[in-house]
Amino acid sequence: MYSGSINNLQFEDLDLSATLNSGQMFRWNRDEDGAWRGMVGGRRLRLSQSANGETLYYESDGADANEATGAVRSFLRLDDADLPAMAAEWSAKDLSFAEAWASRPGIRILRQDPEECFFAFLCASVAPIARIRGMLTAVATEFGVTGESGYTRFPEAGQLATASEVRLRELGLGFRARRIVEAASCLAILPQGEIAALRQASLKEAKERLTQFFGVGEKIADCICLFSLDKDGAIPVDTHIWRIARARYAPELAGKSLTPQNYAKVTAAFHRFFGDKAGWAQQILFYRQAVNRDDKARKTIK
DNA sequence: GCTTAACCTGGACGC
DNA sequence: GCGTCCAGGTTAAGC
């Protein structure tokens, strides 16, 4: 049970379920009534939307409604971008984006906890979303702190640094286990908030810093930058975005491999088409290509 | 600077 | 039932 009351705010341009299910984060769960449960900044939140999508309801730990409102607005970045205006501009220029937006408007970029986001995407290499969820749940259960509510807070770097590679392999992380142990050990001896402090850095500086950690390449660094550090120009070029880019935005790369130079060309192409908030456009295109396709496949199987 | 192999694992798919 | 492929990558070695 949540100690706070149910609050609400009016916000029309949000598709809560698509946003929370768009592959940006992996530890929020959906209740039978459709509401989503998760943690933001150590605070439990439960979010839902009215049927017409115009009202966002939220429950939170703690009695301070203003703090809860601030946490929700910050997590969903409700004050950071006029998404409909951006989408209208992008749709006018690009048919592929227009189709993606028309099929599922309202997918926003989140502002997650940077350290949890760092470890989450370190686990995400070559793994389907279901497996990523499983790995993170296992790690949180083993090394995190479970409160009276039964919800487990993701472990901090210092806690993860006590994990052995062997134990993490037993939990199903495979070759990612070494990466988690090494990154946690490095982070644990740095001042707390080292990753979060990169919000003040440029995208280039943040990526340079993140890729110094063993196991963090360009794609993972871009995920951390976009989904937790407010770097709206970050373009995580995964297998789906690479496919989309070659088909639509950088056709000169057809038949080529994803080398560091071509990765940079994809990023530049997205910036050419979508400007300095290209990361938001990327996420909407990604959802249509990856998540939507998976959902259709699941329905077909049923 | 590019290509390739290796790294874990579970589910989907074809036979 | 079994083998193969693929999934939100990264690293290191070889050329």
# chains A, B, ... in the order shown; residues from 1 in each chain; ligands from 1
call {"tool": "select_by_dssp", "arguments": {"residues": "range 24-233 of chain A", "states": "strand (DSSP E or B)", "output": "VMD selection string"}}
result
chain A and resid 29 to 30 36 to 40 43 to 49 55 to 60 145 to 146 152 to 153
call {"tool": "residues_around", "arguments": {"residues": "DC15 in chain C", "least_positions_apart": "4", "cutoff": "12 Å", "atoms": "only C-alpha atoms (C1' of nucleotides)", "output": "NGL selection string"}}
result
:B and (1-4)
call {"tool": "interface_residues", "arguments": {"of": "chain C", "to": "chain A", "cutoff": "8 Å", "atoms": "only C-alpha atoms (C1' of nucleotides)", "output": "number ranges by chain"}}
result
C: 7-11
call {"tool": "write_last_selection", "arguments": {"atoms": "N, CA and C atoms (P, O5', C5', C4', C3', O3' and C1' of nucleotides)", "output": "compact mmCIF listing (two decimals), in the first residue's frame"}}
result
# COMPACT_ATOMS: atom_id res chain seq x y z
P DA C 7 17.96 -10.22 -34.41
O5' DA C 7 17.60 -9.79 -32.92
C5' DA C 7 16.43 -10.31 -32.32
C4' DA C 7 16.58 -10.26 -30.81
C3' DA C 7 17.23 -8.96 -30.30
O3' DA C 7 16.53 -8.53 -29.15
C1' DA C 7 18.46 -10.83 -29.54
P DG C 8 15.92 -7.16 -29.16
O5' DG C 8 17.16 -6.19 -29.29
C5' DG C 8 18.26 -6.27 -28.45
C4' DG C 8 19.24 -5.21 -28.88
C3' DG C 8 20.35 -4.97 -27.87
O3' DG C 8 21.47 -4.42 -28.53
C1' DG C 8 18.88 -3.14 -27.90
P DG C 9 22.40 -5.40 -29.12
O5' DG C 9 23.67 -5.03 -28.25
C5' DG C 9 24.26 -3.75 -28.49
C4' DG C 9 25.36 -3.62 -27.51
C3' DG C 9 26.47 -2.72 -28.00
O3' DG C 9 27.08 -2.12 -26.87
C1' DG C 9 27.23 -4.97 -27.93
P DT C 10 28.35 -1.21 -27.06
O5' DT C 10 29.52 -2.22 -26.69
C5' DT C 10 29.50 -2.84 -25.41
C4' DT C 10 30.79 -3.61 -25.21
C3' DT C 10 32.05 -2.84 -25.64
O3' DT C 10 32.96 -2.85 -24.57
C1' DT C 10 31.96 -4.99 -26.68
P DT C 11 34.37 -2.14 -24.68
O5' DT C 11 35.34 -3.35 -24.96
C5' DT C 11 35.24 -4.52 -24.15
C4' DT C 11 36.14 -5.60 -24.72
C3' DT C 11 37.52 -5.10 -25.15
O3' DT C 11 38.50 -5.85 -24.46
C1' DT C 11 36.51 -6.40 -26.86
call {"tool": "atom_distance", "arguments": {"atom1": "CA of Val166 in chain A", "atom2": "CA of Phe118 in chain A"}}
result
20.8 Å
call {"tool": "select_by_dssp", "arguments": {"residues": "range 201-300 of chain A", "states": "helix (DSSP H, G or I)", "output": "number ranges by chain"}}
result
A: 203-210, 218-228, 239-249, 251-253, 260-300
call {"tool": "residues_around", "arguments": {"residues": "Leu198 in chain A", "least_positions_apart": "3", "cutoff": "10 Å", "atoms": "only C-alpha atoms (C1' of nucleotides)", "output": "CSV table (one decimal) with C-alpha atoms, in the first residue's frame"}}
result
chain,number,residue,atom,x,y,z
A,114,PRO,CA,21.8,7.4,-13.9
A,193,GLY,CA,27.0,10.7,-8.0
A,194,GLU,CA,29.9,10.4,-10.5
A,195,ILE,CA,27.5,9.3,-13.3
A,201,ALA,CA,28.9,17.7,-19.1
A,202,SER,CA,28.5,17.9,-22.9
A,203,LEU,CA,27.3,14.8,-24.8
A,205,GLU,CA,32.4,14.6,-22.7
A,206,ALA,CA,29.9,12.3,-21.1
A,207,LYS,CA,30.4,9.6,-23.7
A,209,ARG,CA,33.9,9.4,-19.7
A,210,LEU,CA,31.4,6.5,-19.9
A,225,CYS,CA,23.2,9.7,-21.9
A,228,SER,CA,19.2,9.4,-17.7
A,229,LEU,CA,21.5,12.4,-18.4
A,230,ASP,CA,19.2,14.6,-20.5
A,231,LYS,CA,21.4,14.3,-23.6
call {"tool": "interface_residues", "arguments": {"of": "chain A", "to": "chain B", "cutoff": "8 Å", "atoms": "only C-alpha atoms (C1' of nucleotides)", "output": "PyMOL selection string"}}
result
chain A and resi 131+172-175+259
call {"tool": "write_last_selection", "arguments": {"atoms": "N, CA and C atoms", "output": "compact mmCIF listing (two decimals), in the first residue's frame"}}
result
# COMPACT_ATOMS: atom_id res chain seq x y z
N ARG A 131 14.93 -11.05 -21.14
CA ARG A 131 16.10 -11.54 -20.41
C ARG A 131 16.77 -10.43 -19.60
N GLY A 172 22.79 -15.65 -14.07
CA GLY A 172 22.38 -15.62 -15.47
C GLY A 172 22.94 -14.49 -16.30
N LEU A 173 23.93 -13.77 -15.78
CA LEU A 173 24.45 -12.62 -16.53
C LEU A 173 25.44 -13.01 -17.62
N GLY A 174 25.98 -14.23 -17.55
CA GLY A 174 26.91 -14.65 -18.59
C GLY A 174 28.13 -13.76 -18.65
N PHE A 175 28.57 -13.45 -19.89
CA PHE A 175 29.80 -12.66 -20.05
C PHE A 175 29.67 -11.24 -19.51
N THR A 259 30.85 0.13 -38.21
CA THR A 259 32.15 0.51 -37.64
C THR A 259 31.97 1.80 -36.86
call {"tool": "residues_around", "arguments": {"residues": "Gln283 in chain A", "least_positions_apart": "6", "cutoff": "8 Å", "atoms": "only C-alpha atoms (C1' of nucleotides)", "output": "number ranges by chain"}}
result
A: 22, 107, 109
call {"tool": "write_last_selection", "arguments": {"atoms": "N, CA and C atoms", "output": "PDB file, in the first residue's frame"}}
result
ATOM      1  N   SER A  22       9.005   1.117 -23.756  1.00  0.00           N
ATOM      2  CA  SER A  22       9.688   1.368 -25.033  1.00  0.00           C
ATOM      3  C   SER A  22      11.157   0.978 -24.985  1.00  0.00           C
ATOM      4  N   ILE A 107       5.252   8.988 -27.011  1.00  0.00           N
ATOM      5  CA  ILE A 107       6.383   8.320 -26.351  1.00  0.00           C
ATOM      6  C   ILE A 107       7.441   9.364 -25.982  1.00  0.00           C
ATOM      7  N   ILE A 109      10.976  10.653 -23.680  1.00  0.00           N
ATOM      8  CA  ILE A 109      12.247  10.206 -23.116  1.00  0.00           C
ATOM      9  C   ILE A 109      12.191  10.401 -21.606  1.00  0.00           C
TER      10      ILE A 109
END
call {"tool": "atom_distance", "arguments": {"atom1": "CA of Leu16 in chain A", "atom2": "CA of Gly106 in chain A"}}
result
7.7 Å
call {"tool": "atom_distance", "arguments": {"atom1": "CA of Gly233 in chain A", "atom2": "CA of Glu115 in chain A"}}
result
19.9 Å
call {"tool": "residues_around", "arguments": {"residues": "range 273-281 of chain A", "least_positions_apart": "5", "cutoff": "7 Å", "atoms": "only C-alpha atoms (C1' of nucleotides)", "output": "ChimeraX atom specification"}}
result
/A:90,108-109,226,232-235
call {"tool": "decode", "arguments": {"residues": "chain B", "atoms": "N, CA and C atoms (P, O5', C5', C4', C3', O3' and C1' of nucleotides)", "output": "PDB file, in the first residue's frame"}}
result
ATOM      1  P    DG B   1      41.642   5.919 -38.449  1.00  0.00           P
ATOM      2  O5'  DG B   1      40.899   4.727 -39.216  1.00  0.00           O
ATOM      3  C5'  DG B   1      40.895   4.715 -40.632  1.00  0.00           C
ATOM      4  C4'  DG B   1      40.353   3.384 -41.071  1.00  0.00           C
ATOM      5  C3'  DG B   1      39.027   2.989 -40.416  1.00  0.00           C
ATOM      6  O3'  DG B   1      38.180   2.465 -41.408  1.00  0.00           O
ATOM      7  C1'  DG B   1      40.622   1.272 -40.097  1.00  0.00           C
ATOM      8  P    DC B   2      36.662   2.158 -41.108  1.00  0.00           P
ATOM      9  O5'  DC B   2      36.592   0.613 -41.470  1.00  0.00           O
ATOM     10  C5'  DC B   2      37.196   0.146 -42.673  1.00  0.00           C
ATOM     11  C4'  DC B   2      37.324  -1.356 -42.620  1.00  0.00           C
ATOM     12  C3'  DC B   2      36.070  -2.059 -42.099  1.00  0.00           C
ATOM     13  O3'  DC B   2      35.623  -2.999 -43.070  1.00  0.00           O
ATOM     14  C1'  DC B   2      38.027  -2.830 -40.957  1.00  0.00           C
ATOM     15  P    DT B   3      34.334  -3.873 -42.834  1.00  0.00           P
ATOM     16  O5'  DT B   3      34.950  -5.249 -42.324  1.00  0.00           O
ATOM     17  C5'  DT B   3      36.027  -5.825 -43.043  1.00  0.00           C
ATOM     18  C4'  DT B   3      36.404  -7.157 -42.423  1.00  0.00           C
ATOM     19  C3'  DT B   3      35.210  -8.024 -42.003  1.00  0.00           C
ATOM     20  O3'  DT B   3      35.470  -9.347 -42.432  1.00  0.00           O
ATOM     21  C1'  DT B   3      36.638  -7.656 -40.130  1.00  0.00           C
ATOM     22  P    DT B   4      34.338 -10.482 -42.315  1.00  0.00           P
ATOM     23  O5'  DT B   4      34.815 -11.269 -41.023  1.00  0.00           O
ATOM     24  C5'  DT B   4      36.187 -11.649 -40.911  1.00  0.00           C
ATOM     25  C4'  DT B   4      36.433 -12.244 -39.546  1.00  0.00           C
ATOM     26  C3'  DT B   4      35.266 -13.079 -38.995  1.00  0.00           C
ATOM     27  O3'  DT B   4      35.767 -14.345 -38.620  1.00  0.00           O
ATOM     28  C1'  DT B   4      36.000 -11.496 -37.372  1.00  0.00           C
ATOM     29  P    DA B   5      34.776 -15.533 -38.289  1.00  0.00           P
ATOM     30  O5'  DA B   5      35.217 -15.845 -36.788  1.00  0.00           O
ATOM     31  C5'  DA B   5      36.592 -15.776 -36.446  1.00  0.00           C
ATOM     32  C4'  DA B   5      36.730 -15.806 -34.939  1.00  0.00           C
ATOM     33  C3'  DA B   5      35.723 -16.706 -34.234  1.00  0.00           C
ATOM     34  O3'  DA B   5      36.398 -17.406 -33.202  1.00  0.00           O
ATOM     35  C1'  DA B   5      35.500 -14.491 -33.426  1.00  0.00           C
ATOM     36  P    DA B   6      35.652 -18.605 -32.467  1.00  0.00           P
ATOM     37  O5'  DA B   6      35.446 -17.965 -31.027  1.00  0.00           O
ATOM     38  C5'  DA B   6      36.547 -17.324 -30.391  1.00  0.00           C
ATOM     39  C4'  DA B   6      36.050 -16.584 -29.167  1.00  0.00           C
ATOM     40  C3'  DA B   6      34.963 -17.336 -28.385  1.00  0.00           C
ATOM     41  O3'  DA B   6      35.358 -17.418 -27.031  1.00  0.00           O
ATOM     42  C1'  DA B   6      34.275 -15.106 -28.840  1.00  0.00           C
ATOM     43  P    DC B   7      34.583 -18.376 -26.074  1.00  0.00           P
ATOM     44  O5'  DC B   7      33.708 -17.375 -25.202  1.00  0.00           O
ATOM     45  C5'  DC B   7      34.330 -16.224 -24.626  1.00  0.00           C
ATOM     46  C4'  DC B   7      33.263 -15.251 -24.228  1.00  0.00           C
ATOM     47  C3'  DC B   7      32.031 -15.886 -23.550  1.00  0.00           C
ATOM     48  O3'  DC B   7      31.874 -15.314 -22.266  1.00  0.00           O
ATOM     49  C1'  DC B   7      31.395 -14.287 -25.152  1.00  0.00           C
ATOM     50  P    DC B   8      31.518 -16.182 -21.105  1.00  0.00           P
ATOM     51  O5'  DC B   8      29.941 -16.218 -21.317  1.00  0.00           O
ATOM     52  C5'  DC B   8      29.232 -17.395 -21.270  1.00  0.00           C
ATOM     53  C4'  DC B   8      27.849 -17.067 -20.836  1.00  0.00           C
ATOM     54  C3'  DC B   8      26.885 -18.239 -20.902  1.00  0.00           C
ATOM     55  O3'  DC B   8      26.079 -18.183 -19.742  1.00  0.00           O
ATOM     56  C1'  DC B   8      26.063 -16.460 -22.202  1.00  0.00           C
ATOM     57  P    DT B   9      25.222 -19.395 -19.306  1.00  0.00           P
ATOM     58  O5'  DT B   9      23.806 -19.039 -19.924  1.00  0.00           O
ATOM     59  C5'  DT B   9      23.201 -17.804 -19.591  1.00  0.00           C
ATOM     60  C4'  DT B   9      21.930 -17.645 -20.396  1.00  0.00           C
ATOM     61  C3'  DT B   9      21.153 -18.955 -20.587  1.00  0.00           C
ATOM     62  O3'  DT B   9      19.831 -18.721 -20.198  1.00  0.00           O
ATOM     63  C1'  DT B   9      21.405 -17.816 -22.623  1.00  0.00           C
ATOM     64  P    DG B  10      18.939 -19.952 -19.636  1.00  0.00           P
ATOM     65  O5'  DG B  10      17.517 -19.552 -20.210  1.00  0.00           O
ATOM     66  C5'  DG B  10      17.149 -18.177 -20.261  1.00  0.00           C
ATOM     67  C4'  DG B  10      16.279 -17.931 -21.476  1.00  0.00           C
ATOM     68  C3'  DG B  10      15.300 -19.069 -21.771  1.00  0.00           C
ATOM     69  O3'  DG B  10      14.063 -18.502 -22.139  1.00  0.00           O
ATOM     70  C1'  DG B  10      16.608 -18.637 -23.662  1.00  0.00           C
ATOM     71  P    DG B  11      12.731 -19.405 -22.048  1.00  0.00           P
ATOM     72  O5'  DG B  11      11.919 -18.885 -23.312  1.00  0.00           O
ATOM     73  C5'  DG B  11      11.977 -17.503 -23.656  1.00  0.00           C
ATOM     74  C4'  DG B  11      11.866 -17.343 -25.146  1.00  0.00           C
ATOM     75  C3'  DG B  11      10.810 -18.251 -25.791  1.00  0.00           C
ATOM     76  O3'  DG B  11      10.044 -17.486 -26.694  1.00  0.00           O
ATOM     77  C1'  DG B  11      12.899 -18.547 -26.861  1.00  0.00           C
ATOM     78  P    DA B  12       8.749 -18.125 -27.377  1.00  0.00           P
ATOM     79  O5'  DA B  12       9.144 -18.026 -28.913  1.00  0.00           O
ATOM     80  C5'  DA B  12       9.717 -16.823 -29.409  1.00  0.00           C
ATOM     81  C4'  DA B  12      10.165 -17.023 -30.848  1.00  0.00           C
ATOM     82  C3'  DA B  12       9.184 -17.807 -31.712  1.00  0.00           C
ATOM     83  O3'  DA B  12       9.114 -17.192 -32.987  1.00  0.00           O
ATOM     84  C1'  DA B  12      11.281 -18.928 -31.659  1.00  0.00           C
ATOM     85  P    DC B  13       7.984 -17.634 -34.029  1.00  0.00           P
ATOM     86  O5'  DC B  13       8.801 -18.608 -34.992  1.00  0.00           O
ATOM     87  C5'  DC B  13      10.055 -18.171 -35.522  1.00  0.00           C
ATOM     88  C4'  DC B  13      10.751 -19.335 -36.200  1.00  0.00           C
ATOM     89  C3'  DC B  13       9.792 -20.259 -36.953  1.00  0.00           C
ATOM     90  O3'  DC B  13      10.194 -20.321 -38.311  1.00  0.00           O
ATOM     91  C1'  DC B  13      11.345 -21.488 -35.625  1.00  0.00           C
ATOM     92  P    DG B  14       9.187 -20.957 -39.397  1.00  0.00           P
ATOM     93  O5'  DG B  14      10.097 -22.105 -40.015  1.00  0.00           O
ATOM     94  C5'  DG B  14      11.482 -21.851 -40.266  1.00  0.00           C
ATOM     95  C4'  DG B  14      12.212 -23.162 -40.443  1.00  0.00           C
ATOM     96  C3'  DG B  14      11.437 -24.206 -41.237  1.00  0.00           C
ATOM     97  O3'  DG B  14      12.315 -24.814 -42.176  1.00  0.00           O
ATOM     98  C1'  DG B  14      12.029 -25.089 -39.109  1.00  0.00           C
ATOM     99  P    DC B  15      11.722 -25.768 -43.304  1.00  0.00           P
ATOM    100  O5'  DC B  15      12.084 -27.216 -42.746  1.00  0.00           O
ATOM    101  C5'  DC B  15      13.455 -27.553 -42.491  1.00  0.00           C
ATOM    102  C4'  DC B  15      13.514 -28.845 -41.695  1.00  0.00           C
ATOM    103  C3'  DC B  15      12.598 -29.931 -42.243  1.00  0.00           C
ATOM    104  O3'  DC B  15      13.382 -30.918 -42.934  1.00  0.00           O
ATOM    105  C1'  DC B  15      12.559 -29.812 -39.835  1.00  0.00           C
TER     106       DC B  15
END
